[in-house]
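Shown here: final-v9.cif, mmCIF, C-alpha atoms and all ligand atoms.
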```cif
data_work
#
loop_
_atom_site.label_atom_id
_atom_site.label_comp_id
_atom_site.auth_asym_id
_atom_site.auth_seq_id
_atom_site.Cartn_x
_atom_site.Cartn_y
_atom_site.Cartn_z
CA MET A 10 130.66 77.10 57.17
CA PHE A 11 127.22 78.56 56.57
CA ILE A 12 124.98 77.20 59.32
CA LYS A 13 126.31 77.11 62.86
CA GLN A 14 123.20 76.01 64.73
CA VAL A 15 119.76 74.53 64.14
CA LEU A 16 117.04 75.68 66.52
CA LEU A 17 113.41 74.71 66.93
CA ASP A 18 110.99 77.62 67.16
CA ARG A 19 107.82 77.53 69.23
CA ALA A 20 106.48 74.49 67.41
CA PRO A 21 103.44 72.42 68.41
CA ALA A 22 104.25 69.82 71.05
CA GLY A 23 102.06 67.00 69.74
CA GLY A 24 101.58 65.03 66.52
CA TYR A 25 104.15 63.82 63.99
CA PRO A 26 106.91 64.96 63.79
CA PHE A 27 106.84 67.02 66.98
CA ASP A 28 106.17 63.96 69.15
CA LEU A 29 109.23 62.12 67.81
CA PRO A 30 111.70 61.63 70.67
CA ALA A 31 114.52 63.15 68.60
CA VAL A 32 112.50 66.30 67.92
CA ARG A 33 111.61 66.59 71.59
CA ALA A 34 115.30 66.17 72.40
CA LEU A 35 116.14 68.90 69.91
CA ARG A 36 113.82 71.25 71.76
CA GLU A 37 115.05 70.21 75.23
CA ARG A 38 118.76 70.52 74.39
CA GLY A 39 118.18 73.98 72.86
CA GLY A 40 118.93 73.01 69.27
CA LEU A 41 121.87 71.39 67.56
CA LYS A 42 125.22 73.12 67.15
CA LEU A 43 127.09 72.53 63.89
CA PRO A 44 130.62 73.42 64.96
CA SER A 45 132.43 71.58 62.14
CA PRO A 46 132.26 71.70 58.36
CA VAL A 47 130.94 68.14 58.48
CA THR A 48 128.11 67.08 60.81
CA LEU A 49 127.26 63.38 60.82
CA LEU A 50 123.99 62.04 62.19
CA ALA A 51 124.20 58.42 63.25
CA GLY A 52 121.71 56.16 65.01
CA ASP A 53 119.57 53.11 64.47
CA ASN A 54 116.72 52.86 61.95
CA GLY A 55 113.75 55.03 62.80
CA THR A 56 115.53 57.33 65.26
CA GLY A 57 114.74 60.44 63.20
CA LYS A 58 117.86 61.18 61.12
CA SER A 59 116.02 61.60 57.80
CA THR A 60 113.36 63.73 59.47
CA LEU A 61 116.07 66.06 60.76
CA VAL A 62 118.14 66.23 57.56
CA GLU A 63 115.04 66.85 55.46
CA ALA A 64 113.80 69.57 57.82
CA ILE A 65 117.20 71.30 57.73
CA ALA A 66 117.06 71.07 53.91
CA VAL A 67 113.59 72.60 53.78
CA ALA A 68 114.60 75.34 56.21
CA ALA A 69 117.64 76.04 54.00
CA GLY A 70 115.40 76.43 50.95
CA PHE A 71 115.80 73.06 49.22
CA ASN A 72 113.04 71.07 47.58
CA PRO A 73 111.87 68.43 50.13
CA GLU A 74 112.28 65.65 47.54
CA GLY A 75 115.86 66.58 46.86
CA GLY A 76 117.97 68.37 44.30
CA SER A 77 119.52 71.80 44.15
CA THR A 78 117.65 74.91 45.26
CA ALA A 79 116.53 75.23 41.60
CA PHE A 80 114.39 72.07 41.92
CA ASN A 81 110.79 72.45 42.91
CA PHE A 82 109.05 69.39 41.57
CA ALA A 83 106.92 67.11 43.76
CA THR A 84 105.89 63.52 43.04
CA ARG A 85 104.45 62.42 46.34
CA PRO A 86 104.87 64.98 49.09
CA SER A 87 105.77 63.13 52.29
CA GLU A 88 107.86 65.70 54.09
CA SER A 89 107.01 66.64 57.63
CA VAL A 90 106.28 70.25 58.59
CA LEU A 91 109.33 70.31 60.84
CA GLY A 92 111.29 72.39 58.32
CA GLU A 93 108.87 75.27 58.75
CA HIS A 94 109.68 75.31 62.46
CA LEU A 95 113.46 75.13 62.25
CA VAL A 96 115.48 78.27 62.52
CA LEU A 97 118.94 78.11 61.00
CA SER A 98 121.50 80.27 62.69
CA ARG A 99 123.74 81.38 59.84
CA VAL A 100 127.33 82.53 59.87
CA PRO A 101 127.14 86.29 59.15
CA GLY A 102 128.20 87.28 55.67
CA ARG A 103 128.49 83.70 54.41
CA ARG A 104 126.07 82.45 51.76
CA PRO A 105 126.52 79.11 50.00
CA ARG A 106 127.44 79.49 46.34
CA THR A 107 125.79 76.19 45.51
CA GLY A 108 124.27 73.21 47.29
CA TYR A 109 122.37 69.98 47.11
CA PHE A 110 119.93 67.93 49.14
CA LEU A 111 120.41 64.27 48.36
CA ARG A 112 117.82 61.79 49.49
CA ALA A 113 118.67 58.20 48.69
CA GLU A 114 114.96 57.40 48.78
CA SER A 115 113.96 59.75 45.97
CA PHE A 116 117.07 60.15 43.82
CA TYR A 117 115.22 58.45 40.94
CA ASN A 118 112.73 61.34 40.80
CA VAL A 119 115.58 63.82 40.98
CA ALA A 120 117.22 62.03 38.02
CA THR A 121 113.99 62.39 36.04
CA GLU A 122 113.86 66.07 36.88
CA ILE A 123 117.52 66.50 35.86
CA GLU A 124 116.61 65.10 32.42
CA ARG A 125 113.50 67.25 32.19
CA ILE A 126 115.19 70.54 32.98
CA GLY A 127 118.27 69.63 30.93
CA GLU A 128 120.84 70.06 33.70
CA ILE A 129 122.69 66.98 32.40
CA VAL A 130 125.69 68.01 30.36
CA ALA A 131 126.65 70.91 32.57
CA GLY A 132 126.66 69.14 35.86
CA TYR A 133 126.62 65.37 35.79
CA GLY A 134 129.67 64.33 33.82
CA GLY A 135 127.72 64.45 30.57
CA VAL A 136 125.52 61.41 31.17
CA SER A 137 121.94 61.29 32.44
CA PRO A 138 121.77 59.65 35.89
CA HIS A 139 119.16 57.29 34.37
CA GLU A 140 121.88 55.86 32.11
CA ARG A 141 124.32 55.20 34.97
CA SER A 142 124.19 52.65 37.75
CA HIS A 143 122.79 53.80 41.09
CA GLY A 144 126.25 54.25 42.64
CA GLU A 145 127.79 55.71 39.49
CA SER A 146 125.10 58.38 39.33
CA PHE A 147 125.70 59.30 42.99
CA LEU A 148 129.43 59.65 42.43
CA ASP A 149 128.83 61.65 39.21
CA LEU A 150 126.73 64.00 41.28
CA ALA A 151 129.35 64.43 44.02
CA ILE A 152 132.28 64.75 41.61
CA HIS A 153 130.75 66.84 38.81
CA ARG A 154 127.78 68.68 40.27
CA PHE A 155 128.98 69.42 43.82
CA GLY A 156 131.33 72.39 43.94
CA PRO A 157 133.29 74.65 46.28
CA ALA A 158 131.57 76.78 48.92
CA GLY A 159 128.44 74.64 48.81
CA LEU A 160 125.94 73.51 51.42
CA TYR A 161 125.25 69.78 51.12
CA LEU A 162 122.59 67.81 52.98
CA LEU A 163 122.92 64.11 52.33
CA ASP A 164 120.66 61.35 53.59
CA GLU A 165 122.38 57.96 53.54
CA PRO A 166 124.56 58.64 50.51
CA GLU A 167 126.10 55.20 51.10
CA ALA A 168 122.85 53.50 50.07
CA ALA A 169 124.12 53.19 46.51
CA LEU A 170 127.82 52.84 47.18
CA SER A 171 130.34 50.03 47.49
CA VAL A 172 133.04 50.37 50.12
CA GLN A 173 135.31 51.80 47.41
CA GLY A 174 132.49 54.14 46.43
CA CYS A 175 132.16 55.32 50.05
CA LEU A 176 135.89 55.98 50.18
CA ALA A 177 135.68 57.96 46.92
CA LEU A 178 132.82 60.00 48.37
CA LEU A 179 134.75 60.57 51.61
CA LEU A 180 137.70 61.91 49.59
CA ARG A 181 135.40 64.22 47.63
CA ILE A 182 133.78 65.49 50.83
CA ALA A 183 137.19 66.22 52.36
CA GLU A 184 138.22 68.05 49.19
CA LEU A 185 135.04 70.16 49.15
CA VAL A 186 135.50 70.99 52.83
CA GLN A 187 138.96 72.35 52.00
CA LEU A 188 137.17 74.49 49.39
CA GLY A 189 134.77 75.99 51.92
CA SER A 190 131.79 73.62 51.76
CA GLN A 191 129.61 72.40 54.61
CA PHE A 192 127.95 68.99 54.92
CA VAL A 193 125.22 67.53 57.11
CA ILE A 194 125.00 63.79 56.51
CA ALA A 195 122.77 61.08 57.95
CA THR A 196 124.67 57.83 57.66
CA HIS A 197 125.03 54.24 58.84
CA SER A 198 128.38 53.84 57.11
CA PRO A 199 131.45 53.22 59.32
CA VAL A 200 133.50 54.55 56.39
CA LEU A 201 131.63 57.86 56.08
CA LEU A 202 131.58 58.22 59.87
CA ALA A 203 135.37 58.51 59.60
CA CYS A 204 135.09 61.78 57.66
CA PRO A 205 137.90 64.06 58.81
CA GLN A 206 136.94 67.18 60.80
CA ALA A 207 133.46 65.84 61.52
CA THR A 208 131.20 66.23 64.52
CA ILE A 209 129.24 63.02 65.07
CA TYR A 210 125.83 63.12 66.74
CA GLU A 211 124.22 59.80 67.54
CA ILE A 212 120.49 59.66 68.13
CA GLY A 213 119.61 56.97 70.67
CA LYS A 214 116.49 54.83 70.83
CA ALA A 215 114.99 57.24 73.37
CA GLY A 216 115.64 60.14 70.99
CA ASP A 217 118.57 61.46 72.99
CA ILE A 218 121.12 63.25 70.81
CA ALA A 219 124.72 62.87 71.96
CA GLU A 220 127.98 64.06 70.48
CA ILE A 221 130.24 61.03 70.31
CA GLY A 222 133.65 59.99 69.05
CA TYR A 223 134.10 57.70 66.04
CA ASP A 224 134.96 54.70 68.23
CA GLN A 225 131.74 55.07 70.22
CA ALA A 226 129.37 55.04 67.25
CA ASP A 227 127.12 51.97 67.31
CA ALA A 228 127.68 51.39 63.60
CA VAL A 229 131.45 51.30 64.19
CA VAL A 230 131.32 49.18 67.37
CA LEU A 231 128.97 46.61 65.84
CA THR A 232 130.76 46.41 62.51
CA ARG A 233 134.09 45.95 64.30
CA ALA A 234 132.67 43.19 66.49
CA PHE A 235 131.15 41.49 63.47
CA LEU A 236 134.26 41.70 61.29
CA ALA A 237 136.57 40.54 64.07
CA ASP A 238 134.92 37.10 63.88
CA PRO A 239 131.78 36.86 61.71
CA GLY A 240 131.26 33.15 62.49
CA ARG A 241 131.31 33.63 66.25
CA PHE A 242 129.24 36.81 66.03
CA LEU A 243 126.50 35.02 64.08
CA GLN A 244 126.63 31.98 66.35
CA ARG A 245 126.00 34.21 69.39
CA LEU A 246 123.23 36.02 67.51
CA PHE A 247 121.47 32.77 66.59
CA GLU A 248 121.77 31.51 70.19
CA GLU A 249 120.01 34.64 71.44
N1 LIG B 1 104.60 60.58 57.71
C1 LIG B 1 104.88 60.03 58.90
N2 LIG B 1 103.93 59.98 59.86
C2 LIG B 1 104.20 59.46 61.07
N3 LIG B 1 105.40 58.96 61.42
C3 LIG B 1 106.37 58.98 60.51
C4 LIG B 1 106.17 59.52 59.20
N4 LIG B 1 107.34 59.43 58.53
C5 LIG B 1 108.22 58.85 59.38
N5 LIG B 1 107.64 58.59 60.57
C6 LIG B 1 108.30 57.99 61.75
O1 LIG B 1 109.31 58.84 62.22
C7 LIG B 1 110.37 58.09 62.78
C8 LIG B 1 111.68 58.62 62.27
O2 LIG B 1 111.79 58.35 60.89
P1 LIG B 1 113.08 58.74 60.05
O3 LIG B 1 112.81 58.40 58.65
O4 LIG B 1 113.47 60.13 60.37
O5 LIG B 1 114.16 57.73 60.68
P2 LIG B 1 115.67 57.49 60.28
O6 LIG B 1 116.50 57.71 61.50
O7 LIG B 1 116.01 58.24 59.07
O8 LIG B 1 115.68 55.91 59.96
P3 LIG B 1 116.50 55.07 58.85
O9 LIG B 1 117.88 54.84 59.43
O10 LIG B 1 115.73 53.81 58.76
O11 LIG B 1 116.51 55.84 57.57
C9 LIG B 1 110.10 56.64 62.42
O12 LIG B 1 109.70 55.95 63.56
C10 LIG B 1 109.00 56.70 61.40
O13 LIG B 1 108.15 55.61 61.51
MG MG B 2 116.46 57.71 57.15
#
```
Please re-express this file's structure in structure tokens.
Ligand SMILES: Nc1ncnc2c1ncn2[C@@H]1O[C@H](COP(=O)(O)OP(=O)(O)OP(=O)(O)O)[C@@H](O)[C@H]1O
Ligand SMILES: [Mg+2]
Amino acid sequence: MFIKQVLLDRAPAGGYPFDLPAVRALRERGGLKLPSPVTLLAGDNGTGKSTLVEAIAVAAGFNPEGGSTAFNFATRPSESVLGEHLVLSRVPGRRPRTGYFLRAESFYNVATEIERIGEIVAGYGGVSPHERSHGESFLDLAIHRFGPAGLYLLDEPEAALSVQGCLALLLRIAELVQLGSQFVIATHSPVLLACPQATIYEIGKAGDIAEIGYDQADAVVLTRAFLADPGRFLQRLFEE
């Protein structure tokens, strides 16, 4: 564990991203505690998960477009200024030995940068991410580049992954947690939400941030209801 709490300093009250309900909630609830080695951020599209993960990454010293702390390229800056207003409460005496900020949205640019700076052979299983499928390159990254005692901020890592791929990632996360790593992950995946030893926060439509159990997560409840009887589920949906 490296970061035990995320706090908002005296940031402006108005304008994006400070007017986002989730950011207001962050201020009102006095920050977000990260009591477990894995923190999962769930919630519907547009509730603010990426904004939060990216801001934590920026506050932790990562490039806003993703990569390790050694990356500082920019293709099209789109990050919010929230990261400059987050204060990370760190565990005394504990510094991550390595780390990664993975944004599904801009992994292509990270792959280009990996080729440019020649990080390939050392850290990605010997193959450029551009010569692997989307999911293969993600798993290469988690298996070969992620290491013990690391801080990992992942935004929808499931975007590239099959269900088997998600399970492989979950295993790797559990292994890295045993080796002293910490993860903060925004996800819609009912598989990744089952990460052992995780704290799940779900951001509601109104921006409210609640700690919930696995069985309460919307993604889990809805997927269960759908899979129990897809035909009936769709019929009801079409009727509505
Ligand atoms: N540059 C911007 N200016 C204004 N609003 C923005 C900007 N970028 C994002 N937003 C808004 O902020 C809100 C939160 O976006 P965010 O990307 O954090 O959501 P999310 O929870 O990650 O959603 P998803 O599950 O779809 O990835 C959205 O309503 C979005 O429209
Ligand atoms: Mg997002």
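One finds atom CA of A:Ala168 at 12.4 Å from atom CA of A:Ser142.
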Quiz prompt | Within-8 Å residues of ligand LIG 1 (chain B), basis all atoms listed in the file, as a PyMOL selection string | solution = chain A and resi 25-26+29+51-61+87-89+164-165+195-197+212
Quiz prompt | Non-local contacts of A:Leu178 (9 Å; only C-alpha atoms; under 4 positions in same chain excluded) as a VMD selection string | solution = chain A and resid 147 to 148 151 to 152 166 to 167 170 173 to 174 182 to 183 201
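Among the candidate residues A:Ile218, A:Leu97, A:Ala234, A:Ile65, the one lying nearest to A:Arg38 is A:Ile218, with distances computed using all atoms listed in the file.
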Quiz item: What lies within 10 Å of A:Glu63 using all atoms listed in the file, ignoring chain neighbours under 3 positions off, as a ChimeraX atom specification?
Solution: /A:58-60,66-69,71-75,88-92,110-112,162-164,195
Draw an axis-aligned box over all listed atoms of stretch 158-164 of chain A, pad each side with 8 Å, and write its centre and edge lengths in Å, one decimal, as AutoDock Vina command-line options.
```
--center_x 126.1 --center_y 69.1 --center_z 51.2 --size_x 26.9 --size_y 31.4 --size_z 20.8
```
Quiz item: Skipping near chain neighbours, those fewer than 3 positions away, what residues fall within 10 Å of A:Val229 using all atoms listed in the file, listed as a list in words?
Solution: His197, Ser198, Pro199, Val200, Leu202, Ala203, Tyr223, Asp224, Gln225, Ala226, Thr232, Arg233, Ala234 and Phe235 of chain A
Exercise. State, in Å with one decimal place, the distance from atom CA of A:Leu188 to atom CA of A:Arg106.
Key: 11.4 Å
Practice problem: Could you check which of A:Gln187, A:Leu236, A:Leu50, A:Ala215 is closest to ligand MG 2 (chain B), using only C-alpha atoms and all ligand atoms? | Solution: A:Leu50
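Nearest to ligand MG 2 (chain B) of all the residues A:Ala113, A:Ser190, A:Glu140, A:Asp227 is A:Ala113, based on only C-alpha atoms and all ligand atoms.
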Practice problem: Using all atoms listed in the file, find the one residue out of A:Gly156, A:Lys13, A:Asp28, A:Ala20 that sits nearest to A:Gly216. | Solution: A:Asp28
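Among the candidates A:Leu35, A:Ile194, A:Val186, A:Cys175, the residue lying nearest to ligand MG 2 (chain B) is A:Ile194 (atoms considered: only C-alpha atoms and all ligand atoms).
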